[in-house]
Every structure is written in C-alpha cells, then in structure tokens.
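Coordinates from model-v3.pdb are shown below (PDB, C-alpha atoms, pLDDT in the B column).
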```pdb
ATOM      1  CA  MET A   1     -40.222 -54.267 -75.223  1.00 55.00           C
ATOM      2  CA  LYS A   2     -41.626 -57.719 -74.486  1.00 65.00           C
ATOM      3  CA  LYS A   3     -42.951 -58.078 -78.051  1.00 63.00           C
ATOM      4  CA  SER A   4     -39.561 -57.362 -79.663  1.00 61.00           C
ATOM      5  CA  SER A   5     -37.799 -59.734 -77.268  1.00 61.00           C
ATOM      6  CA  LEU A   6     -40.283 -62.463 -78.146  1.00 57.00           C
ATOM      7  CA  ILE A   7     -39.736 -61.895 -81.875  1.00 59.00           C
ATOM      8  CA  ILE A   8     -35.947 -62.052 -81.449  1.00 59.00           C
ATOM      9  CA  ALA A   9     -36.219 -65.241 -79.374  1.00 52.00           C
ATOM     10  CA  LEU A  10     -38.456 -66.865 -81.989  1.00 57.00           C
ATOM     11  CA  ALA A  11     -36.056 -65.866 -84.774  1.00 55.00           C
ATOM     12  CA  VAL A  12     -33.143 -67.440 -82.898  1.00 56.00           C
ATOM     13  CA  VAL A  13     -35.117 -70.669 -82.344  1.00 53.00           C
ATOM     14  CA  VAL A  14     -36.072 -70.832 -86.033  1.00 53.00           C
ATOM     15  CA  LEU A  15     -32.478 -70.268 -87.161  1.00 54.00           C
ATOM     16  CA  LEU A  16     -31.206 -72.934 -84.801  1.00 53.00           C
ATOM     17  CA  ALA A  17     -33.866 -75.395 -85.968  1.00 51.00           C
ATOM     18  CA  VAL A  18     -33.020 -74.771 -89.619  1.00 49.00           C
ATOM     19  CA  GLY A  19     -29.350 -75.367 -88.853  1.00 50.00           C
ATOM     20  CA  PHE A  20     -30.118 -78.781 -87.377  1.00 47.00           C
ATOM     21  CA  VAL A  21     -32.415 -80.031 -90.145  1.00 49.00           C
ATOM     22  CA  ALA A  22     -30.880 -83.129 -91.682  1.00 54.00           C
ATOM     23  CA  GLN A  23     -29.506 -82.477 -95.128  1.00 65.00           C
ATOM     24  CA  VAL A  24     -30.683 -84.930 -97.774  1.00 73.00           C
ATOM     25  CA  GLU A  25     -27.710 -86.007 -99.840  1.00 88.00           C
ATOM     26  CA  THR A  26     -28.001 -86.670-103.557  1.00 91.00           C
ATOM     27  CA  LYS A  27     -25.866 -89.480-104.905  1.00 95.00           C
ATOM     28  CA  LYS A  28     -25.185 -90.614-108.438  1.00 96.00           C
ATOM     29  CA  TYR A  29     -25.904 -94.218-109.384  1.00 97.00           C
ATOM     30  CA  LYS A  30     -24.963 -96.119-112.524  1.00 97.00           C
ATOM     31  CA  CYS A  31     -27.913 -97.762-114.202  1.00 97.00           C
ATOM     32  CA  LEU A  32     -27.124-100.519-116.701  1.00 97.00           C
ATOM     33  CA  ILE A  33     -29.928-101.347-119.125  1.00 98.00           C
ATOM     34  CA  GLN A  34     -29.467-104.475-121.280  1.00 98.00           C
ATOM     35  CA  LEU A  35     -32.047-105.087-124.014  1.00 98.00           C
ATOM     36  CA  THR A  36     -33.203-108.415-125.440  1.00 98.00           C
ATOM     37  CA  ASN A  37     -32.590-109.453-129.057  1.00 97.00           C
ATOM     38  CA  TYR A  38     -36.025-108.422-130.328  1.00 96.00           C
ATOM     39  CA  LYS A  39     -36.845-107.497-133.954  1.00 93.00           C
ATOM     40  CA  GLY A  40     -37.661-103.899-134.734  1.00 93.00           C
ATOM     41  CA  GLU A  41     -36.603-100.293-134.287  1.00 94.00           C
ATOM     42  CA  GLY A  42     -34.724 -98.845-131.329  1.00 95.00           C
ATOM     43  CA  ALA A  43     -36.534 -98.790-128.001  1.00 96.00           C
ATOM     44  CA  TYR A  44     -37.757 -95.679-126.259  1.00 96.00           C
ATOM     45  CA  ILE A  45     -37.186 -96.104-122.540  1.00 96.00           C
ATOM     46  CA  VAL A  46     -38.368 -93.949-119.655  1.00 95.00           C
ATOM     47  CA  ALA A  47     -37.081 -94.441-116.111  1.00 96.00           C
ATOM     48  CA  SER A  48     -39.408 -92.864-113.538  1.00 95.00           C
ATOM     49  CA  LEU A  49     -39.301 -92.530-109.780  1.00 96.00           C
ATOM     50  CA  ILE A  50     -42.486 -94.071-108.372  1.00 97.00           C
ATOM     51  CA  ASN A  51     -43.535 -93.147-104.837  1.00 97.00           C
ATOM     52  CA  PRO A  52     -44.794 -95.640-102.216  1.00 98.00           C
ATOM     53  CA  GLU A  53     -48.405 -94.929-103.293  1.00 97.00           C
ATOM     54  CA  GLY A  54     -47.552 -96.112-106.831  1.00 96.00           C
ATOM     55  CA  LYS A  55     -47.702 -92.636-108.396  1.00 95.00           C
ATOM     56  CA  TYR A  56     -45.169 -90.976-110.672  1.00 93.00           C
ATOM     57  CA  GLU A  57     -42.950 -88.562-108.779  1.00 92.00           C
ATOM     58  CA  GLN A  58     -40.121 -87.727-111.175  1.00 91.00           C
ATOM     59  CA  THR A  59     -38.765 -88.603-114.608  1.00 91.00           C
ATOM     60  CA  LEU A  60     -35.172 -89.770-114.128  1.00 93.00           C
ATOM     61  CA  GLN A  61     -34.163 -90.657-117.709  1.00 92.00           C
ATOM     62  CA  VAL A  62     -35.651 -90.585-121.183  1.00 92.00           C
ATOM     63  CA  ILE A  63     -33.823 -92.642-123.796  1.00 93.00           C
ATOM     64  CA  GLY A  64     -35.075 -91.501-127.176  1.00 91.00           C
ATOM     65  CA  ASP A  65     -34.771 -87.945-128.382  1.00 84.00           C
ATOM     66  CA  ASP A  66     -37.708 -87.549-130.792  1.00 85.00           C
ATOM     67  CA  PRO A  67     -40.644 -85.996-128.875  1.00 81.00           C
ATOM     68  CA  GLU A  68     -43.055 -87.124-131.591  1.00 83.00           C
ATOM     69  CA  TRP A  69     -42.926 -90.659-130.121  1.00 86.00           C
ATOM     70  CA  TYR A  70     -43.185 -89.854-126.395  1.00 86.00           C
ATOM     71  CA  SER A  71     -46.952 -90.333-126.450  1.00 88.00           C
ATOM     72  CA  GLU A  72     -46.251 -93.994-127.353  1.00 91.00           C
ATOM     73  CA  LEU A  73     -45.410 -94.404-123.654  1.00 93.00           C
ATOM     74  CA  PRO A  74     -48.998 -93.624-122.559  1.00 93.00           C
ATOM     75  CA  GLN A  75     -48.845 -94.111-118.774  1.00 94.00           C
ATOM     76  CA  TRP A  76     -45.782 -91.888-118.418  1.00 93.00           C
ATOM     77  CA  TRP A  77     -47.172 -89.438-120.998  1.00 90.00           C
ATOM     78  CA  LYS A  78     -50.310 -88.906-118.858  1.00 89.00           C
ATOM     79  CA  PHE A  79     -48.014 -87.854-116.021  1.00 86.00           C
ATOM     80  CA  TYR A  80     -45.398 -85.863-117.906  1.00 81.00           C
ATOM     81  CA  GLY A  81     -46.704 -85.069-121.392  1.00 73.00           C
ATOM     82  CA  LYS A  82     -48.408 -81.797-120.566  1.00 64.00           C
ATOM     83  CA  ARG A  83     -45.139 -80.140-119.569  1.00 64.00           C
ATOM     84  CA  LYS A  84     -43.275 -78.023-122.091  1.00 57.00           C
ATOM     85  CA  THR A  85     -39.831 -79.375-121.221  1.00 63.00           C
ATOM     86  CA  ILE A  86     -38.753 -82.826-120.179  1.00 66.00           C
ATOM     87  CA  ASP A  87     -35.750 -83.347-117.910  1.00 64.00           C
ATOM     88  CA  GLY A  88     -33.444 -86.288-118.311  1.00 64.00           C
ATOM     89  CA  ILE A  89     -33.464 -86.716-122.104  1.00 68.00           C
ATOM     90  CA  THR A  90     -30.251 -88.566-122.789  1.00 70.00           C
ATOM     91  CA  GLY A  91     -30.045 -89.197-126.488  1.00 76.00           C
ATOM     92  CA  ALA A  92     -31.107 -91.630-129.147  1.00 85.00           C
ATOM     93  CA  THR A  93     -32.918 -94.904-128.664  1.00 91.00           C
ATOM     94  CA  ILE A  94     -30.948 -98.109-128.166  1.00 94.00           C
ATOM     95  CA  GLY A  95     -31.422-101.119-130.393  1.00 95.00           C
ATOM     96  CA  ALA A  96     -32.061-104.802-129.918  1.00 96.00           C
ATOM     97  CA  GLY A  97     -29.363-106.586-127.936  1.00 97.00           C
ATOM     98  CA  GLU A  98     -27.607-103.334-127.016  1.00 97.00           C
ATOM     99  CA  ARG A  99     -26.857-101.995-123.590  1.00 97.00           C
ATOM    100  CA  THR A 100     -26.379 -98.565-122.135  1.00 95.00           C
ATOM    101  CA  VAL A 101     -25.213 -97.148-118.830  1.00 95.00           C
ATOM    102  CA  LYS A 102     -26.895 -93.988-117.581  1.00 94.00           C
ATOM    103  CA  ILE A 103     -26.265 -91.932-114.469  1.00 94.00           C
ATOM    104  CA  ILE A 104     -29.274 -91.439-112.208  1.00 94.00           C
ATOM    105  CA  SER A 105     -29.255 -89.015-109.275  1.00 94.00           C
ATOM    106  CA  LEU A 106     -31.202 -90.118-106.202  1.00 96.00           C
ATOM    107  CA  THR A 107     -31.487 -88.823-102.668  1.00 95.00           C
ATOM    108  CA  ASP A 108     -30.828 -91.082 -99.688  1.00 93.00           C
ATOM    109  CA  ASP A 109     -34.363 -90.554 -98.361  1.00 96.00           C
ATOM    110  CA  LYS A 110     -35.812 -92.585-101.266  1.00 97.00           C
ATOM    111  CA  PHE A 111     -34.134 -95.848-100.189  1.00 96.00           C
ATOM    112  CA  ASN A 112     -35.836 -98.415 -97.982  1.00 97.00           C
ATOM    113  CA  LYS A 113     -39.075 -96.373 -97.975  1.00 97.00           C
ATOM    114  CA  GLY A 114     -41.134 -98.070-100.712  1.00 97.00           C
ATOM    115  CA  TYR A 115     -39.911 -96.057-103.717  1.00 98.00           C
ATOM    116  CA  LYS A 116     -39.215 -97.765-107.063  1.00 98.00           C
ATOM    117  CA  ILE A 117     -37.680 -96.972-110.409  1.00 98.00           C
ATOM    118  CA  ARG A 118     -40.044 -98.046-113.181  1.00 98.00           C
ATOM    119  CA  PHE A 119     -38.769 -98.663-116.716  1.00 98.00           C
ATOM    120  CA  GLU A 120     -41.358 -98.274-119.493  1.00 97.00           C
ATOM    121  CA  THR A 121     -40.473 -99.277-123.037  1.00 98.00           C
ATOM    122  CA  ALA A 122     -41.977 -98.867-126.479  1.00 97.00           C
ATOM    123  CA  VAL A 123     -40.806 -99.695-129.990  1.00 95.00           C
ATOM    124  CA  GLU A 124     -42.270 -98.126-133.121  1.00 90.00           C
ATOM    125  CA  ASP A 125     -44.999-100.300-134.666  1.00 89.00           C
ATOM    126  CA  ALA A 126     -44.561-102.872-131.902  1.00 93.00           C
ATOM    127  CA  ASN A 127     -45.474-103.421-128.237  1.00 95.00           C
ATOM    128  CA  TYR A 128     -45.522-101.078-125.243  1.00 97.00           C
ATOM    129  CA  TYR A 129     -44.551-102.331-121.779  1.00 98.00           C
ATOM    130  CA  ALA A 130     -45.804-100.082-118.975  1.00 97.00           C
ATOM    131  CA  GLN A 131     -43.754-101.942-116.369  1.00 97.00           C
ATOM    132  CA  ASP A 132     -41.010-103.611-118.346  1.00 98.00           C
ATOM    133  CA  ALA A 133     -38.817-103.624-115.235  1.00 98.00           C
ATOM    134  CA  GLU A 134     -39.027-102.165-111.730  1.00 98.00           C
ATOM    135  CA  ILE A 135     -36.286-101.812-109.161  1.00 97.00           C
ATOM    136  CA  GLU A 136     -37.401-101.362-105.583  1.00 97.00           C
ATOM    137  CA  LEU A 137     -35.060 -98.805-104.039  1.00 97.00           C
ATOM    138  CA  THR A 138     -33.520-100.744-101.184  1.00 96.00           C
ATOM    139  CA  THR A 139     -29.889-100.934-100.229  1.00 93.00           C
ATOM    140  CA  ALA A 140     -30.150-104.720-100.673  1.00 94.00           C
ATOM    141  CA  ASN A 141     -31.123-104.256-104.355  1.00 93.00           C
ATOM    142  CA  LEU A 142     -28.019-102.284-105.273  1.00 94.00           C
ATOM    143  CA  ASN A 143     -25.860-104.283-107.725  1.00 94.00           C
ATOM    144  CA  THR A 144     -28.661-106.828-108.232  1.00 95.00           C
ATOM    145  CA  LYS A 145     -30.011-107.722-111.672  1.00 96.00           C
ATOM    146  CA  VAL A 146     -33.723-107.143-112.138  1.00 97.00           C
ATOM    147  CA  GLU A 147     -35.206-109.029-115.082  1.00 98.00           C
ATOM    148  CA  GLY A 148     -37.377-107.227-117.612  1.00 98.00           C
ATOM    149  CA  LYS A 149     -40.681-108.441-119.057  1.00 98.00           C
ATOM    150  CA  GLY A 150     -40.487-106.966-122.551  1.00 97.00           C
ATOM    151  CA  TYR A 151     -37.622-105.346-124.442  1.00 98.00           C
ATOM    152  CA  ILE A 152     -35.421-105.134-121.334  1.00 98.00           C
ATOM    153  CA  ARG A 153     -33.413-108.272-120.556  1.00 98.00           C
ATOM    154  CA  TYR A 154     -32.299-106.796-117.205  1.00 98.00           C
ATOM    155  CA  VAL A 155     -31.405-103.607-115.377  1.00 98.00           C
ATOM    156  CA  ARG A 156     -28.883-103.115-112.615  1.00 98.00           C
ATOM    157  CA  LEU A 157     -28.430-100.123-110.309  1.00 97.00           C
ATOM    158  CA  ALA A 158     -24.990 -99.629-108.749  1.00 96.00           C
ATOM    159  CA  GLN A 159     -23.110 -96.978-106.833  1.00 89.00           C
TER     160      GLN A 159
END
```

Turn the structure described in the file into structure tokens.
Amino acid sequence: MKKSSLIIALAVVVLLAVGFVAQVETKKYKCLIQLTNYKGEGAYIVASLINPEGKYEQTLQVIGDDPEWYSELPQWWKFYGKRKTIDGITGATIGAGERTVKIISLTDDKFNKGYKIRFETAVEDANYYAQDAEIELTTANLNTKVEGKGYIRYVRLAQ
C-alpha cells in the first residue's frame, strides 16, 4: 500500500511541475537584407542561429534554391551539408543592389543570452564571406541596422 501511494504522490508532483514549466514563446521577426551594388550573379545567403559558444545551432533561412551551390558556403556546409533536407529554403538568390524581407521565427529564450544570427554570403565565381553580417540577439538590437562586410550592405531585424 505504501509503494502505490508513493507512486501516486510522485506522479502528482511531476504533473504539477510540468504544468508550471515556463512555456517558451516563438515569435516571428521581419528580417530585411539589403545588398550592395556588386558585379556578378545573385548572392546565396544563409542566416544561421549561432549559440553563445559560437557554434551553429539552427539554419533559419537559405536564400538560393539550387543545392548544387550550397557547398560554396563552406562553414555552414560543414554544419548542415550532411543532412538530406534543409529547412528554411526560401527561393531564388537576390541580385546586386536588391533587397528582400524574410520572416524568421525565434524563441524569447534566445534574446539577451549571447545568441547571434550570422549571415554568410557567396556569389558564383566570386568571393565568400563567412561572417558577412552578424546580429547579436538583444532587445536593444531590434530595429537597428547592422552593416555587412561583403555583399550585404545592411540587415535589420524587426518585430
């Protein structure tokens, strides 16, 4: 009798604890990417969630729909290239001087904790930028322009 009462009491405690666990809310953010006026083909762009240790955690967006060229983004490809499917593919490349707005889903627990969104870019027969732009995920950085170092003129993340 004591054993079954103990099991029931533990089950009740576990259920109560699960009910009080804070729910992590996912929100959608607009991400504006403005490219520079470079010469060449359309840019392949990958936006990745980078954890506080500087490691890839998740691919958020892939701009460029031809898998043949994904290996031209070598740092991201080491992380994600062995998978059979890639989440977040959002269509064709964007060209010089163009801009695009993409929707990125992020959870609240990624803000103000050292996470970043890294933008890698590559253009066929041209340069590759492993860290063309990075946005540190802080509430203060929302709606702020972050300058790029290669094909990206700037990126902006907004709610």

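Minimum atom-to-atom distances from A:Asn51, A:Tyr44, A:Thr107, A:Tyr115 to Ala130 of chain A were compared using all atoms listed in the file, and the lowest value belongs to A:Tyr44.
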
| What separation in Å, quoted to one decimal, exists between atom CA of Thr144 of chain A and atom CA of Gly91 of chain A? |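 Those two atoms sit 25.4 Å apart.
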
| request: Check which residues satisfy the PyMOL selection byres ((chain A and resi 22-37) around 7) in the file shown, then give them as a VMD selection string. | output: chain A and resid 20 to 21 38 to 39 96 to 109 151 to 159

| message | Considering only C-alpha atoms, can you say which of A:Lys55, A:Lys78, A:Lys116, A:Lys110 comes closest to Val146 of chain A? | response |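 Looking at the shortest contact to Val146 of chain A, the residue is A:Lys116.
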
Write out as an mmCIF file with C-alpha atoms, in the coordinates of the input the residues lying within 8 Å of Gly81 of chain A, counting only C-alpha atoms and excluding same-chain residues fewer than 3 positions away.
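After the write, out07.cif holds the following:
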```cif
data_model
loop_
_atom_site.group_PDB
_atom_site.id
_atom_site.type_symbol
_atom_site.label_atom_id
_atom_site.label_comp_id
_atom_site.auth_asym_id
_atom_site.auth_seq_id
_atom_site.Cartn_x
_atom_site.Cartn_y
_atom_site.Cartn_z
ATOM 1 C CA TYR A 70 -43.185 -89.854 -126.395
ATOM 2 C CA SER A 71 -46.952 -90.333 -126.450
ATOM 3 C CA TRP A 76 -45.782 -91.888 -118.418
ATOM 4 C CA TRP A 77 -47.172 -89.438 -120.998
ATOM 5 C CA LYS A 78 -50.310 -88.906 -118.858
ATOM 6 C CA LYS A 84 -43.275 -78.023 -122.091
#
```

| Matched chain/residue IDs from the PyMOL selection byres ((chain A and resi 124) around 10), as a ChimeraX atom specification | /A:40-44,69,72,122-123,125-128

Write out the residues from the selection above, keeping C-alpha atoms, as a compact mmCIF listing (two decimals), in the frame of the given file.
```
# COMPACT_ATOMS: atom_id res chain seq x y z
CA GLY A 40 -37.66 -103.90 -134.73
CA GLU A 41 -36.60 -100.29 -134.29
CA GLY A 42 -34.72 -98.84 -131.33
CA ALA A 43 -36.53 -98.79 -128.00
CA TYR A 44 -37.76 -95.68 -126.26
CA TRP A 69 -42.93 -90.66 -130.12
CA GLU A 72 -46.25 -93.99 -127.35
CA ALA A 122 -41.98 -98.87 -126.48
CA VAL A 123 -40.81 -99.70 -129.99
CA ASP A 125 -45.00 -100.30 -134.67
CA ALA A 126 -44.56 -102.87 -131.90
CA ASN A 127 -45.47 -103.42 -128.24
CA TYR A 128 -45.52 -101.08 -125.24
```

| message | Could you tell me how far atom CA of Pro74 of chain A sits from atom CA of Leu142 of chain A, in Å to one decimal place? | response |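 So the two atoms, atom CA of Leu142 of chain A and atom CA of Pro74 of chain A, lie 28.5 Å apart.
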
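Taking atom CA of Lys149 of chain A and atom CA of Glu136 of chain A as the two end points, the separation is 15.6 Å.
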
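For the residues A:Leu73, A:Ile45, A:Ile117, A:Ala92, ranking by smallest atom-to-atom distance to Glu57 of chain A using only C-alpha atoms places A:Ile117 first.
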
Starting from the sparse input, extend segment 89-115 of chain A to N, CA, C and O atoms and give the output as a short mmCIF file (atom, residue, chain, number, x, y, z; two decimals), in the coordinates of the input.
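Final output, saved to selection15.cif:
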```
data_model
loop_
_atom_site.label_atom_id
_atom_site.label_comp_id
_atom_site.auth_asym_id
_atom_site.auth_seq_id
_atom_site.Cartn_x
_atom_site.Cartn_y
_atom_site.Cartn_z
N ILE A 89 -33.58 -86.14 -120.77
CA ILE A 89 -33.46 -86.72 -122.10
C ILE A 89 -31.98 -86.97 -122.36
O ILE A 89 -31.16 -86.07 -122.23
N THR A 90 -31.66 -88.20 -122.73
CA THR A 90 -30.25 -88.57 -122.79
C THR A 90 -29.80 -89.09 -124.13
O THR A 90 -28.80 -89.77 -124.22
N GLY A 91 -30.54 -88.80 -125.17
CA GLY A 91 -30.04 -89.20 -126.49
C GLY A 91 -30.91 -90.22 -127.17
O GLY A 91 -32.03 -90.51 -126.76
N ALA A 92 -30.37 -90.74 -128.24
CA ALA A 92 -31.11 -91.63 -129.15
C ALA A 92 -31.52 -92.93 -128.47
O ALA A 92 -31.00 -93.32 -127.43
N THR A 93 -32.46 -93.59 -129.12
CA THR A 93 -32.92 -94.90 -128.66
C THR A 93 -31.75 -95.89 -128.71
O THR A 93 -30.72 -95.63 -129.32
N ILE A 94 -31.93 -97.03 -128.06
CA ILE A 94 -30.95 -98.11 -128.17
C ILE A 94 -31.64 -99.30 -128.82
O ILE A 94 -32.83 -99.51 -128.65
N GLY A 95 -30.87 -100.04 -129.59
CA GLY A 95 -31.42 -101.12 -130.39
C GLY A 95 -31.38 -102.47 -129.72
O GLY A 95 -30.81 -102.65 -128.64
N ALA A 96 -31.97 -103.42 -130.39
CA ALA A 96 -32.06 -104.80 -129.92
C ALA A 96 -30.69 -105.34 -129.55
O ALA A 96 -29.72 -105.17 -130.30
N GLY A 97 -30.60 -105.97 -128.39
CA GLY A 97 -29.36 -106.59 -127.94
C GLY A 97 -28.33 -105.62 -127.39
O GLY A 97 -27.31 -106.05 -126.85
N GLU A 98 -28.57 -104.33 -127.50
CA GLU A 98 -27.61 -103.33 -127.02
C GLU A 98 -27.79 -103.07 -125.53
O GLU A 98 -28.77 -103.45 -124.93
N ARG A 99 -26.80 -102.41 -124.99
CA ARG A 99 -26.86 -102.00 -123.59
C ARG A 99 -26.41 -100.56 -123.49
O ARG A 99 -25.72 -100.05 -124.37
N THR A 100 -26.81 -99.92 -122.42
CA THR A 100 -26.38 -98.56 -122.14
C THR A 100 -26.22 -98.42 -120.63
O THR A 100 -26.85 -99.14 -119.86
N VAL A 101 -25.37 -97.49 -120.24
CA VAL A 101 -25.21 -97.15 -118.83
C VAL A 101 -25.54 -95.67 -118.70
O VAL A 101 -24.97 -94.84 -119.39
N LYS A 102 -26.48 -95.36 -117.84
CA LYS A 102 -26.90 -93.99 -117.58
C LYS A 102 -26.64 -93.66 -116.13
O LYS A 102 -26.62 -94.55 -115.28
N ILE A 103 -26.45 -92.39 -115.84
CA ILE A 103 -26.26 -91.93 -114.47
C ILE A 103 -27.59 -91.37 -113.97
O ILE A 103 -28.20 -90.52 -114.61
N ILE A 104 -28.03 -91.88 -112.83
CA ILE A 104 -29.27 -91.44 -112.21
C ILE A 104 -28.93 -90.85 -110.84
O ILE A 104 -28.21 -91.47 -110.06
N SER A 105 -29.46 -89.66 -110.57
CA SER A 105 -29.26 -89.02 -109.28
C SER A 105 -30.45 -89.30 -108.38
O SER A 105 -31.60 -89.08 -108.77
N LEU A 106 -30.16 -89.79 -107.18
CA LEU A 106 -31.20 -90.12 -106.20
C LEU A 106 -30.80 -89.60 -104.83
O LEU A 106 -29.61 -89.57 -104.51
N THR A 107 -31.77 -89.24 -104.03
CA THR A 107 -31.49 -88.82 -102.67
C THR A 107 -31.61 -90.02 -101.73
O THR A 107 -32.39 -90.95 -101.99
N ASP A 108 -30.84 -89.98 -100.66
CA ASP A 108 -30.83 -91.08 -99.69
C ASP A 108 -32.21 -91.38 -99.11
O ASP A 108 -32.50 -92.52 -98.76
N ASP A 109 -33.06 -90.35 -99.00
CA ASP A 109 -34.36 -90.55 -98.36
C ASP A 109 -35.33 -91.37 -99.21
O ASP A 109 -36.44 -91.66 -98.77
N LYS A 110 -34.94 -91.76 -100.41
CA LYS A 110 -35.81 -92.58 -101.27
C LYS A 110 -35.57 -94.08 -101.05
O LYS A 110 -36.36 -94.90 -101.49
N PHE A 111 -34.48 -94.44 -100.38
CA PHE A 111 -34.13 -95.85 -100.19
C PHE A 111 -34.81 -96.41 -98.94
O PHE A 111 -34.94 -95.74 -97.93
N ASN A 112 -35.23 -97.67 -99.09
CA ASN A 112 -35.84 -98.42 -97.98
C ASN A 112 -37.12 -97.76 -97.47
O ASN A 112 -37.45 -97.89 -96.29
N LYS A 113 -37.84 -97.07 -98.36
CA LYS A 113 -39.08 -96.37 -97.98
C LYS A 113 -40.23 -96.70 -98.92
O LYS A 113 -41.26 -96.04 -98.89
N GLY A 114 -40.06 -97.68 -99.81
CA GLY A 114 -41.13 -98.07 -100.71
C GLY A 114 -41.09 -97.43 -102.09
O GLY A 114 -42.00 -97.64 -102.89
N TYR A 115 -40.06 -96.66 -102.39
CA TYR A 115 -39.91 -96.06 -103.72
C TYR A 115 -39.37 -97.09 -104.70
O TYR A 115 -38.69 -98.03 -104.31
#
```
